[in-house]
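Asker: My structure file work29.tsv, TSV, C-alpha atoms, is below:
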chain	number	residue	atom	x	y	z
A	48	MET	CA	26.34	100.56	-55.02
A	49	ARG	CA	24.67	101.42	-51.69
A	50	LYS	CA	21.75	102.95	-53.59
A	51	GLY	CA	21.33	99.74	-55.59
A	52	ILE	CA	21.27	97.62	-52.43
A	53	LEU	CA	18.65	99.88	-50.82
A	54	SER	CA	16.48	99.67	-53.94
A	55	LEU	CA	16.73	95.88	-53.90
A	56	LEU	CA	15.76	95.76	-50.22
A	57	ALA	CA	12.76	97.99	-50.89
A	58	VAL	CA	11.53	95.74	-53.67
A	59	THR	CA	12.03	92.62	-51.53
A	60	THR	CA	10.14	94.17	-48.59
A	61	ALA	CA	7.25	95.24	-50.81
A	62	ALA	CA	6.98	91.75	-52.25
A	63	ALA	CA	6.95	90.20	-48.77
A	64	LEU	CA	4.20	92.56	-47.63
A	65	SER	CA	2.22	91.75	-50.75
A	66	LEU	CA	2.44	88.00	-50.03
A	67	THR	CA	1.42	88.52	-46.41
A	68	ALA	CA	-1.66	90.45	-47.51
A	69	CYS	CA	-2.88	87.49	-49.58
A	70	GLY	CA	-3.88	85.50	-46.46
A	71	ASP	CA	-6.69	86.42	-44.10
A	72	GLY	CA	-5.26	84.76	-41.03
A	73	ASP	CA	-7.80	81.90	-40.99
A	74	SER	CA	-6.24	78.45	-40.88
A	75	ASP	CA	-9.13	77.12	-42.98
A	76	SER	CA	-8.61	79.70	-45.71
A	77	LYS	CA	-6.53	79.04	-48.80
A	78	SER	CA	-5.69	81.21	-51.75
A	79	GLY	CA	-6.15	80.04	-55.29
A	80	SER	CA	-3.93	81.19	-58.08
A	81	GLY	CA	-5.13	83.33	-60.94
A	82	SER	CA	-8.78	83.67	-59.81
A	83	LYS	CA	-10.85	86.76	-59.18
A	84	GLY	CA	-13.22	85.98	-56.37
A	85	LYS	CA	-13.43	83.81	-53.31
A	86	VAL	CA	-15.76	81.04	-52.18
A	87	GLY	CA	-16.95	80.71	-48.60
A	88	VAL	CA	-18.35	77.38	-47.41
A	89	ILE	CA	-20.17	76.91	-44.10
A	90	LEU	CA	-20.66	73.29	-43.00
A	91	PRO	CA	-23.26	72.62	-40.29
A	92	ASP	CA	-21.75	70.39	-37.61
A	93	THR	CA	-19.54	67.47	-36.67
A	94	THR	CA	-22.15	65.41	-34.83
A	95	SER	CA	-25.05	64.56	-37.17
A	96	SER	CA	-22.64	62.78	-39.52
A	97	VAL	CA	-18.89	62.21	-39.82
A	98	ARG	CA	-19.10	63.10	-43.49
A	99	TYR	CA	-18.65	66.86	-43.21
A	100	GLU	CA	-15.09	66.92	-41.89
A	101	SER	CA	-14.00	63.53	-43.20
A	102	PHE	CA	-15.25	63.92	-46.75
A	103	ASP	CA	-17.03	67.15	-47.71
A	104	ARG	CA	-14.24	69.44	-46.54
A	105	PRO	CA	-11.32	67.61	-48.23
A	106	TYR	CA	-13.29	67.02	-51.45
A	107	LEU	CA	-14.30	70.69	-51.64
A	108	GLU	CA	-10.72	71.78	-50.92
A	109	GLN	CA	-9.45	69.49	-53.66
A	110	ALA	CA	-11.96	70.85	-56.18
A	111	PHE	CA	-11.27	74.52	-55.38
A	112	LYS	CA	-7.52	73.98	-55.53
A	113	ALA	CA	-7.86	72.28	-58.92
A	114	ALA	CA	-9.92	75.24	-60.18
A	115	GLY	CA	-7.40	77.75	-58.80
A	116	VAL	CA	-9.93	79.70	-56.73
A	117	ALA	CA	-9.51	81.12	-53.23
A	118	TYR	CA	-11.71	79.50	-50.60
A	119	ASP	CA	-12.56	79.51	-46.91
A	120	ILE	CA	-14.28	76.44	-45.40
A	121	GLN	CA	-15.51	76.53	-41.81
A	122	ASN	CA	-17.81	74.44	-39.62
A	123	ALA	CA	-20.54	75.94	-37.45
A	124	GLU	CA	-20.27	73.07	-34.93
A	125	GLY	CA	-24.07	72.87	-34.61
A	126	SER	CA	-24.42	76.48	-33.41
A	127	THR	CA	-26.71	78.83	-35.35
A	128	GLN	CA	-24.97	81.77	-33.66
A	129	ARG	CA	-21.57	80.53	-34.85
A	130	PHE	CA	-23.09	79.92	-38.30
A	131	GLN	CA	-24.13	83.58	-38.53
A	132	THR	CA	-20.81	84.82	-37.12
A	133	ILE	CA	-18.84	82.83	-39.70
A	134	ALA	CA	-21.08	84.18	-42.47
A	135	ASP	CA	-20.52	87.76	-41.31
A	136	GLN	CA	-16.75	87.21	-41.26
A	137	MET	CA	-16.79	85.68	-44.73
A	138	LEU	CA	-18.89	88.50	-46.19
A	139	THR	CA	-16.59	91.07	-44.61
A	140	SER	CA	-13.55	89.26	-46.03
A	141	GLY	CA	-14.94	89.64	-49.54
A	142	VAL	CA	-16.31	86.24	-50.59
A	143	THR	CA	-18.14	86.49	-53.90
A	144	VAL	CA	-19.96	83.13	-53.59
A	145	LEU	CA	-21.29	81.62	-50.37
A	146	VAL	CA	-22.06	77.90	-50.11
A	147	VAL	CA	-24.20	77.04	-47.08
A	148	ASP	CA	-25.33	73.79	-45.49
A	149	GLY	CA	-27.72	75.27	-42.96
A	150	ILE	CA	-28.41	74.00	-39.46
A	151	ASP	CA	-31.98	75.25	-39.79
A	152	SER	CA	-33.81	77.23	-42.44
A	153	ASN	CA	-34.37	80.39	-40.38
A	154	SER	CA	-30.70	81.10	-39.64
A	155	ALA	CA	-29.57	80.02	-43.11
A	156	ALA	CA	-32.20	82.20	-44.81
A	157	ALA	CA	-31.08	85.23	-42.79
A	158	VAL	CA	-27.50	84.67	-43.94
A	159	GLN	CA	-28.59	84.30	-47.56
A	160	ARG	CA	-30.58	87.54	-47.49
A	161	LYS	CA	-27.59	89.38	-46.05
A	162	ALA	CA	-25.38	87.93	-48.78
A	163	GLN	CA	-27.90	88.86	-51.46
A	164	ALA	CA	-28.00	92.46	-50.19
A	165	GLN	CA	-24.22	92.59	-50.71
A	166	GLY	CA	-24.40	91.13	-54.21
A	167	VAL	CA	-23.00	87.75	-53.13
A	168	LYS	CA	-24.39	84.65	-54.86
A	169	THR	CA	-25.44	81.73	-52.64
A	170	ILE	CA	-25.65	77.97	-53.13
A	171	ASP	CA	-27.61	75.64	-50.85
A	172	TYR	CA	-25.44	72.57	-50.26
A	173	ASP	CA	-27.01	69.24	-49.28
A	174	ARG	CA	-29.98	70.90	-47.50
A	175	LEU	CA	-32.50	73.25	-49.09
A	176	THR	CA	-33.08	76.42	-47.07
A	177	LEU	CA	-36.86	76.84	-46.89
A	178	GLY	CA	-37.83	80.47	-47.42
A	179	GLY	CA	-34.26	81.26	-48.48
A	180	VAL	CA	-32.96	83.05	-51.55
A	181	ALA	CA	-30.23	80.68	-52.74
A	182	ASP	CA	-29.41	80.96	-56.43
A	183	TYR	CA	-28.80	77.21	-56.69
A	184	TYR	CA	-29.22	73.98	-54.76
A	185	VAL	CA	-26.87	70.97	-54.90
A	186	SER	CA	-27.82	67.70	-53.25
A	187	PHE	CA	-28.78	64.12	-53.74
A	188	ASP	CA	-32.43	63.70	-54.65
A	189	ASN	CA	-33.66	63.41	-51.09
A	190	VAL	CA	-37.08	61.97	-51.91
A	191	LYS	CA	-35.21	59.23	-53.79
A	192	VAL	CA	-33.00	58.74	-50.72
A	193	GLY	CA	-36.16	58.10	-48.70
A	194	GLU	CA	-37.48	55.79	-51.39
A	195	GLU	CA	-34.23	53.79	-51.23
A	196	LEU	CA	-34.75	53.50	-47.47
A	197	GLY	CA	-38.32	52.31	-48.02
A	198	LYS	CA	-37.30	49.82	-50.73
A	199	GLY	CA	-34.52	48.58	-48.49
A	200	LEU	CA	-36.80	47.91	-45.54
A	201	GLN	CA	-39.31	46.25	-47.86
A	202	LYS	CA	-36.56	44.03	-49.30
A	203	CYS	CA	-35.47	43.03	-45.82
A	204	LEU	CA	-39.00	42.34	-44.52
A	205	GLY	CA	-40.46	40.69	-47.60
A	206	ASP	CA	-44.22	40.34	-48.06
A	207	LYS	CA	-45.01	39.13	-44.55
A	208	SER	CA	-47.18	41.14	-42.20
A	209	ALA	CA	-44.98	43.55	-40.27
A	210	ASN	CA	-45.20	46.34	-37.73
A	211	ILE	CA	-42.99	49.28	-38.69
A	212	ALA	CA	-41.58	52.11	-36.56
A	213	TYR	CA	-40.17	55.26	-38.16
A	214	LEU	CA	-37.35	57.26	-36.59
A	215	ASN	CA	-37.03	60.29	-38.80
A	216	GLY	CA	-34.30	62.93	-38.78
A	217	ALA	CA	-34.35	66.33	-37.13
A	218	PRO	CA	-37.67	68.18	-37.52
A	219	THR	CA	-35.73	71.36	-38.38
A	220	ASP	CA	-34.01	69.66	-41.34
A	221	ASN	CA	-35.93	69.79	-44.63
A	222	ASN	CA	-33.94	66.77	-45.84
A	223	ALA	CA	-35.45	64.70	-43.03
A	224	THR	CA	-38.93	65.67	-44.23
A	225	LEU	CA	-38.06	64.57	-47.77
A	226	PHE	CA	-36.51	61.29	-46.56
A	227	ALA	CA	-39.71	60.49	-44.66
A	228	LYS	CA	-41.85	61.41	-47.67
A	229	GLY	CA	-39.87	59.08	-49.92
A	230	ALA	CA	-40.01	56.22	-47.44
A	231	HIS	CA	-43.77	56.57	-47.08
A	232	ASN	CA	-44.12	56.71	-50.89
A	233	VAL	CA	-42.89	53.12	-50.91
A	234	LEU	CA	-44.01	51.57	-47.64
A	235	ASP	CA	-47.54	53.01	-47.55
A	236	GLN	CA	-48.29	51.01	-50.70
A	237	ALA	CA	-47.68	47.70	-48.90
A	238	SER	CA	-50.97	46.54	-47.36
A	239	THR	CA	-49.19	44.00	-45.17
A	240	TYR	CA	-47.26	46.69	-43.28
A	241	LYS	CA	-48.63	48.61	-40.33
A	242	LYS	CA	-47.06	51.79	-38.97
A	243	VAL	CA	-47.08	51.47	-35.17
A	244	ALA	CA	-44.89	54.47	-34.27
A	245	GLU	CA	-43.24	57.46	-35.90
A	246	GLN	CA	-41.18	60.23	-34.36
A	247	PRO	CA	-38.43	62.67	-35.40
A	248	VAL	CA	-35.06	62.60	-33.64
A	249	PRO	CA	-34.08	66.11	-32.44
A	250	ASP	CA	-30.74	67.26	-33.89
A	251	TRP	CA	-30.17	63.76	-35.30
A	252	LYS	CA	-28.65	62.84	-31.92
A	253	ALA	CA	-28.07	59.10	-31.48
A	254	GLU	CA	-28.60	59.21	-27.71
A	255	LYS	CA	-32.02	60.80	-28.24
A	256	ALA	CA	-32.84	58.16	-30.85
A	257	ALA	CA	-32.02	55.40	-28.34
A	258	THR	CA	-34.37	56.92	-25.76
A	259	ILE	CA	-37.16	57.39	-28.30
A	260	PHE	CA	-36.87	53.86	-29.66
A	261	GLU	CA	-36.74	52.28	-26.21
A	262	GLN	CA	-40.03	54.03	-25.43
A	263	MET	CA	-41.49	52.78	-28.71
A	264	TRP	CA	-40.32	49.24	-27.97
A	265	THR	CA	-41.88	49.32	-24.52
A	266	GLU	CA	-45.16	50.81	-25.73
A	267	GLN	CA	-45.45	48.21	-28.49
A	268	HIS	CA	-44.47	45.35	-26.10
A	269	GLY	CA	-41.59	44.49	-28.43
A	270	LYS	CA	-43.91	43.89	-31.39
A	271	ILE	CA	-41.86	45.83	-33.95
A	272	ASP	CA	-40.60	43.96	-37.01
A	273	GLY	CA	-38.88	46.76	-38.92
A	274	VAL	CA	-37.40	50.18	-38.18
A	275	LEU	CA	-37.10	52.89	-40.80
A	276	ALA	CA	-34.07	54.67	-39.29
A	277	ALA	CA	-33.16	57.84	-41.18
A	278	ASN	CA	-29.38	57.46	-40.89
A	279	ASP	CA	-26.72	55.07	-39.63
A	280	GLY	CA	-26.30	56.88	-36.30
A	281	ILE	CA	-30.00	56.51	-35.55
A	282	GLY	CA	-29.93	52.94	-36.84
A	283	ASN	CA	-27.02	52.08	-34.53
A	284	ALA	CA	-28.91	53.56	-31.58
A	285	VAL	CA	-31.88	51.35	-32.44
A	286	ILE	CA	-29.60	48.32	-32.65
A	287	SER	CA	-28.19	49.08	-29.18
A	288	ILE	CA	-31.71	48.82	-27.73
A	289	LEU	CA	-32.43	45.67	-29.72
A	290	LYS	CA	-29.22	44.13	-28.33
A	291	LYS	CA	-30.41	44.89	-24.80
A	292	ASN	CA	-33.57	42.98	-25.63
A	293	LYS	CA	-31.74	40.16	-27.45
A	294	GLN	CA	-33.48	41.03	-30.73
A	295	ALA	CA	-30.60	42.47	-32.77
A	296	GLY	CA	-30.58	40.83	-36.19
A	297	LYS	CA	-34.19	39.73	-35.81
A	298	VAL	CA	-35.64	43.20	-36.48
A	299	ALA	CA	-34.90	44.83	-39.85
A	300	VAL	CA	-33.18	48.22	-39.44
A	301	THR	CA	-32.24	50.71	-42.18
A	302	GLY	CA	-29.68	53.51	-42.22
A	303	GLN	CA	-28.09	56.18	-44.38
A	304	ASP	CA	-24.63	57.63	-45.11
A	305	ALA	CA	-22.70	54.35	-45.50
A	306	THR	CA	-20.66	55.05	-42.36
A	307	LEU	CA	-18.02	52.65	-41.04
A	308	GLN	CA	-20.34	51.69	-38.18
A	309	GLY	CA	-23.30	51.24	-40.51
A	310	LEU	CA	-21.35	49.02	-42.90
A	311	GLN	CA	-20.02	46.90	-40.04
A	312	ASN	CA	-23.58	46.52	-38.76
A	313	ILE	CA	-24.60	45.32	-42.23
A	314	LEU	CA	-21.74	42.78	-42.30
A	315	ASP	CA	-22.81	41.76	-38.79
A	316	GLU	CA	-26.41	41.40	-40.04
A	317	THR	CA	-27.84	43.66	-37.34
A	318	GLN	CA	-28.62	46.35	-39.95
A	319	CYS	CA	-30.15	45.35	-43.25
A	320	MET	CA	-29.05	48.25	-45.47
A	321	THR	CA	-27.83	51.81	-45.76
A	322	VAL	CA	-28.00	54.51	-48.42
A	323	TYR	CA	-24.70	55.56	-49.96
A	324	LYS	CA	-24.38	59.09	-51.28
A	325	PRO	CA	-21.00	59.52	-53.01
A	326	VAL	CA	-20.06	62.84	-51.39
A	327	LYS	CA	-17.36	63.55	-53.96
A	328	GLN	CA	-20.01	63.93	-56.65
A	329	GLU	CA	-21.86	66.46	-54.50
A	330	ALA	CA	-18.74	68.42	-53.56
A	331	ASP	CA	-17.54	68.51	-57.18
A	332	ALA	CA	-20.95	69.72	-58.39
A	333	ALA	CA	-21.05	72.51	-55.78
A	334	ALA	CA	-17.50	73.58	-56.60
A	335	LYS	CA	-18.25	73.61	-60.32
A	336	LEU	CA	-21.29	75.84	-59.73
A	337	ALA	CA	-19.33	78.18	-57.46
A	338	VAL	CA	-16.53	78.56	-60.02
A	339	SER	CA	-19.09	79.29	-62.75
A	340	LEU	CA	-20.62	82.03	-60.62
A	341	ILE	CA	-17.20	83.55	-59.90
A	342	LYS	CA	-16.64	83.71	-63.65
A	343	GLY	CA	-20.02	85.39	-64.14
A	344	GLU	CA	-21.42	82.36	-65.94
A	345	LYS	CA	-24.75	80.60	-65.49
A	346	GLY	CA	-24.43	77.30	-63.65
A	347	GLU	CA	-25.40	74.00	-65.25
A	348	THR	CA	-28.34	72.22	-63.54
A	349	ASN	CA	-30.43	69.12	-64.16
A	350	GLY	CA	-33.69	70.08	-62.46
A	351	THR	CA	-35.46	72.28	-59.94
A	352	THR	CA	-36.50	71.83	-56.32
A	353	ASN	CA	-39.66	73.38	-54.95
A	354	ASP	CA	-39.38	75.59	-51.89
A	355	PRO	CA	-42.94	75.64	-50.51
A	356	GLU	CA	-42.18	78.39	-48.00
A	357	GLY	CA	-40.46	80.62	-50.53
A	358	LYS	CA	-43.04	79.69	-53.18
A	359	ARG	CA	-40.37	79.21	-55.82
A	360	ASP	CA	-38.48	76.54	-57.73
A	361	VAL	CA	-34.74	76.58	-57.09
A	362	PRO	CA	-32.42	75.59	-59.99
A	363	SER	CA	-30.80	72.38	-58.81
A	364	VAL	CA	-28.17	69.75	-59.38
A	365	LEU	CA	-29.74	66.52	-58.09
A	366	LEU	CA	-27.64	63.37	-57.75
A	367	THR	CA	-28.69	59.73	-57.46
A	368	PRO	CA	-28.31	57.78	-54.16
A	369	ILE	CA	-27.35	54.09	-53.99
A	370	GLY	CA	-28.89	51.42	-51.76
A	371	VAL	CA	-26.20	49.31	-50.09
A	372	TYR	CA	-26.73	45.77	-48.79
A	373	LYS	CA	-24.36	43.04	-47.70
A	374	ASP	CA	-23.78	41.97	-51.31
A	375	ASN	CA	-22.59	45.41	-52.51
A	376	VAL	CA	-20.78	46.86	-49.49
A	377	LYS	CA	-17.67	46.42	-51.64
A	378	GLN	CA	-18.76	49.37	-53.82
A	379	VAL	CA	-18.25	51.73	-50.88
A	380	THR	CA	-14.73	50.48	-50.14
A	381	ASP	CA	-13.84	50.42	-53.83
A	382	ASP	CA	-14.73	54.13	-53.95
A	383	GLY	CA	-12.50	54.75	-50.94
A	384	PHE	CA	-15.39	56.26	-48.99
A	385	VAL	CA	-14.63	53.80	-46.18
A	386	LYS	CA	-11.17	52.26	-46.00
A	387	LYS	CA	-11.06	48.49	-46.36
A	388	GLU	CA	-8.46	48.19	-43.59
A	389	ASP	CA	-10.77	50.05	-41.18
A	390	LEU	CA	-13.88	48.07	-42.12
A	391	CYS	CA	-12.24	44.67	-42.00
A	392	LYS	CA	-10.48	44.86	-38.64
A	393	GLY	CA	-10.58	42.00	-36.16
A	394	SER	CA	-13.70	39.87	-36.27
A	395	PHE	CA	-14.85	41.63	-39.45
A	396	ALA	CA	-11.98	40.22	-41.54
A	397	ALA	CA	-13.81	36.96	-42.26
A	398	LYS	CA	-17.09	38.80	-42.86
A	399	CYS	CA	-15.40	41.10	-45.36
A	400	LYS	CA	-14.00	38.09	-47.18
A	401	THR	CA	-17.48	36.55	-47.39
A	402	ALA	CA	-18.76	39.86	-48.81
A	403	GLY	CA	-16.04	39.82	-51.49
A	404	ILE	CA	-13.92	42.54	-49.87
A	405	GLN	CA	-10.35	41.24	-50.08
Hey, can you dump this file as structure tokens for me?

Answerer:
Amino acid sequence: MRKGILSLLAVTTAAALSLTACGDGDSDSKSGSGSKGKVGVILPDTTSSVRYESFDRPYLEQAFKAAGVAYDIQNAEGSTQRFQTIADQMLTSGVTVLVVDGIDSNSAAAVQRKAQAQGVKTIDYDRLTLGGVADYYVSFDNVKVGEELGKGLQKCLGDKSANIAYLNGAPTDNNATLFAKGAHNVLDQASTYKKVAEQPVPDWKAEKAATIFEQMWTEQHGKIDGVLAANDGIGNAVISILKKNKQAGKVAVTGQDATLQGLQNILDETQCMTVYKPVKQEADAAAKLAVSLIKGEKGETNGTTNDPEGKRDVPSVLLTPIGVYKDNVKQVTDDGFVKKEDLCKGSFAAKCKTAGIQ
């Protein structure tokens, strides 16, 4: 009898040790069931957009859990050093696919080369790593995003003569370059528009955008009719300066990301539009690719994206962005991207009702 009890205890102890070994001690790491392989995801920051922690992370987690694969999702918090440290930890822990949304191309490319040397497949997520070696790229078509911005500003300004200022995204972000290209594709065709200023916003920081736009406003003696702002944070910074000068709502301002603040600015008529990118589509596409690679399969794509620095075309999944104006803000709340109860608080309740958001 004693021998039987000891045998049972031994089996129980071994099972407990086996379960403990499944985790790697990281609070962001989860184990899938029945999968061979592990996906590492490195998100860039928590400051350029609220999307990464509020949407990308939970959507990716949901997709990996549904597929039954192990995953580890971490955020570099805007630090290239932390980005590289996380990558090293993930590679050491045995990830077989690495999904990266780089802070800049140099640091992301270094990580990808290290992964490639270890036989780990890589996917560029949201931003293309120039000069990198990613096997795939998943994003919204960023030239089309810029074209939506350009069309939006044109819709808000009409055919009248107008002076336009451009506040582009971070100069280190290839997406920002593509947004600007798309916007110019549209607006440069309008002979009635004149570009009076254009400048990138370092690190996408709203406070830097406010300083830059205030200088533009002063230099142009307030003669700016429209602002091509690359995202909602930059757009809101522009609006803060316009409010100081009692011109908010009189100058057309664009944005991107369909943030709560951006949508409220649209309802308030101080921002004319934003560009909505349903993040769930992007997260699901990246997860689907990662799972295919874990299984040793070729990923499904719908196009390629040229990397001019790497002199190659990267197999890509490119999704379609949506221009959002006051008359279709409801689409964003219907998708659950922004909660209706958050958008329609206080003074915005009546404005939501007017916009058909009940």

Asker: Quote the spacing between CA of Gln303 in chain A and CA of Lys255 in chain A in Å to one decimal place.

Answerer: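 Going from CA of Gln303 in chain A over to CA of Lys255 in chain A, I get 17.2 Å.
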
Asker: As lines of an AutoDock Vina configuration file, what would the box around range 236-251 of chain A look like: edges along x, y and z, 4 Å added on every side, centre and edge lengths in Å to one decimal?

Answerer:
center_x = -40.6
center_y = 55.6
center_z = -41.6
size_x = 28.8
size_y = 31.3
size_z = 26.3

Asker: For each of A:Tyr184, A:Phe130, A:Trp264, A:Tyr213, take the minimum atom-to-atom distance to Gln246 in chain A, counting all atoms listed in the file, then give the residue where this is smallest.

Answerer: A:Tyr213

Asker: For CA of Asp360 in chain A and CA of Ser126 in chain A, quote the distance in Å rounded to one decimal.

Answerer: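 We find that CA of Asp360 in chain A and CA of Ser126 in chain A lie 28.1 Å from each other.
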
Asker: Which protein, DNA or RNA residues are at most 10 Å from (-35.2, 85.0, -50.5) in the file's coordinates when you count all atoms listed in the file, listed as a list of chain:residue names?

Answerer: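 I get A:Ala156, A:Ala157, A:Gln159, A:Arg160, A:Lys161, A:Gln163, A:Thr176, A:Leu177, A:Gly178, A:Gly179, A:Val180, A:Ala181, A:Asp182, A:Glu356, A:Gly357, A:Lys358, A:Arg359 for the residues within 10 Å of that point.
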
Asker: At what distance in Å, to one decimal, does CA of Ala230 in chain A lie from CA of Ile150 in chain A?

Answerer: 22.7 Å

Asker: Identify which of the residues A:Thr348, A:Gly403, A:Lys377, A:Asn122 lies closest to Glu100 in chain A, counting only C-alpha atoms when measuring atom-to-atom distances.

Answerer: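 Looking only at the distances to Glu100 in chain A, the closest residue turns out to be A:Asn122.
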
Asker: Can you pull out every residue within 12 Å of Gln328 in chain A, counting only C-alpha atoms, but drop anything in the same chain fewer than 2 positions away, and send it as a list in words?

Answerer: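 Residues near the query, excluding close chain neighbours: Phe102, Asp103, Tyr106, Leu107, Ala110, Asp173, Val185, Ser186, Phe187, Tyr323, Lys324, Pro325, Val326, Ala330, Asp331, Ala332, Ala333, Ala334, Lys335, Val364, Leu365, Leu366, Thr367, Pro368, Asp382 and Phe384 of chain A.
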
Asker: Residues within 12 Å of Lys202 in chain A, please, as a list of chain:residue names. Count all atoms listed in the file; anything in the same chain fewer than 5 positions from it doesn't count.

Answerer: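 Selected residues are A:Glu194, A:Glu195, A:Leu196, A:Gly197, A:Lys207, A:Val233, A:Leu234, A:Ala237, A:Gly273, A:Ala299, A:Val300, A:Thr301, A:Cys319, A:Met320, A:Gly370, A:Val371, A:Tyr372.
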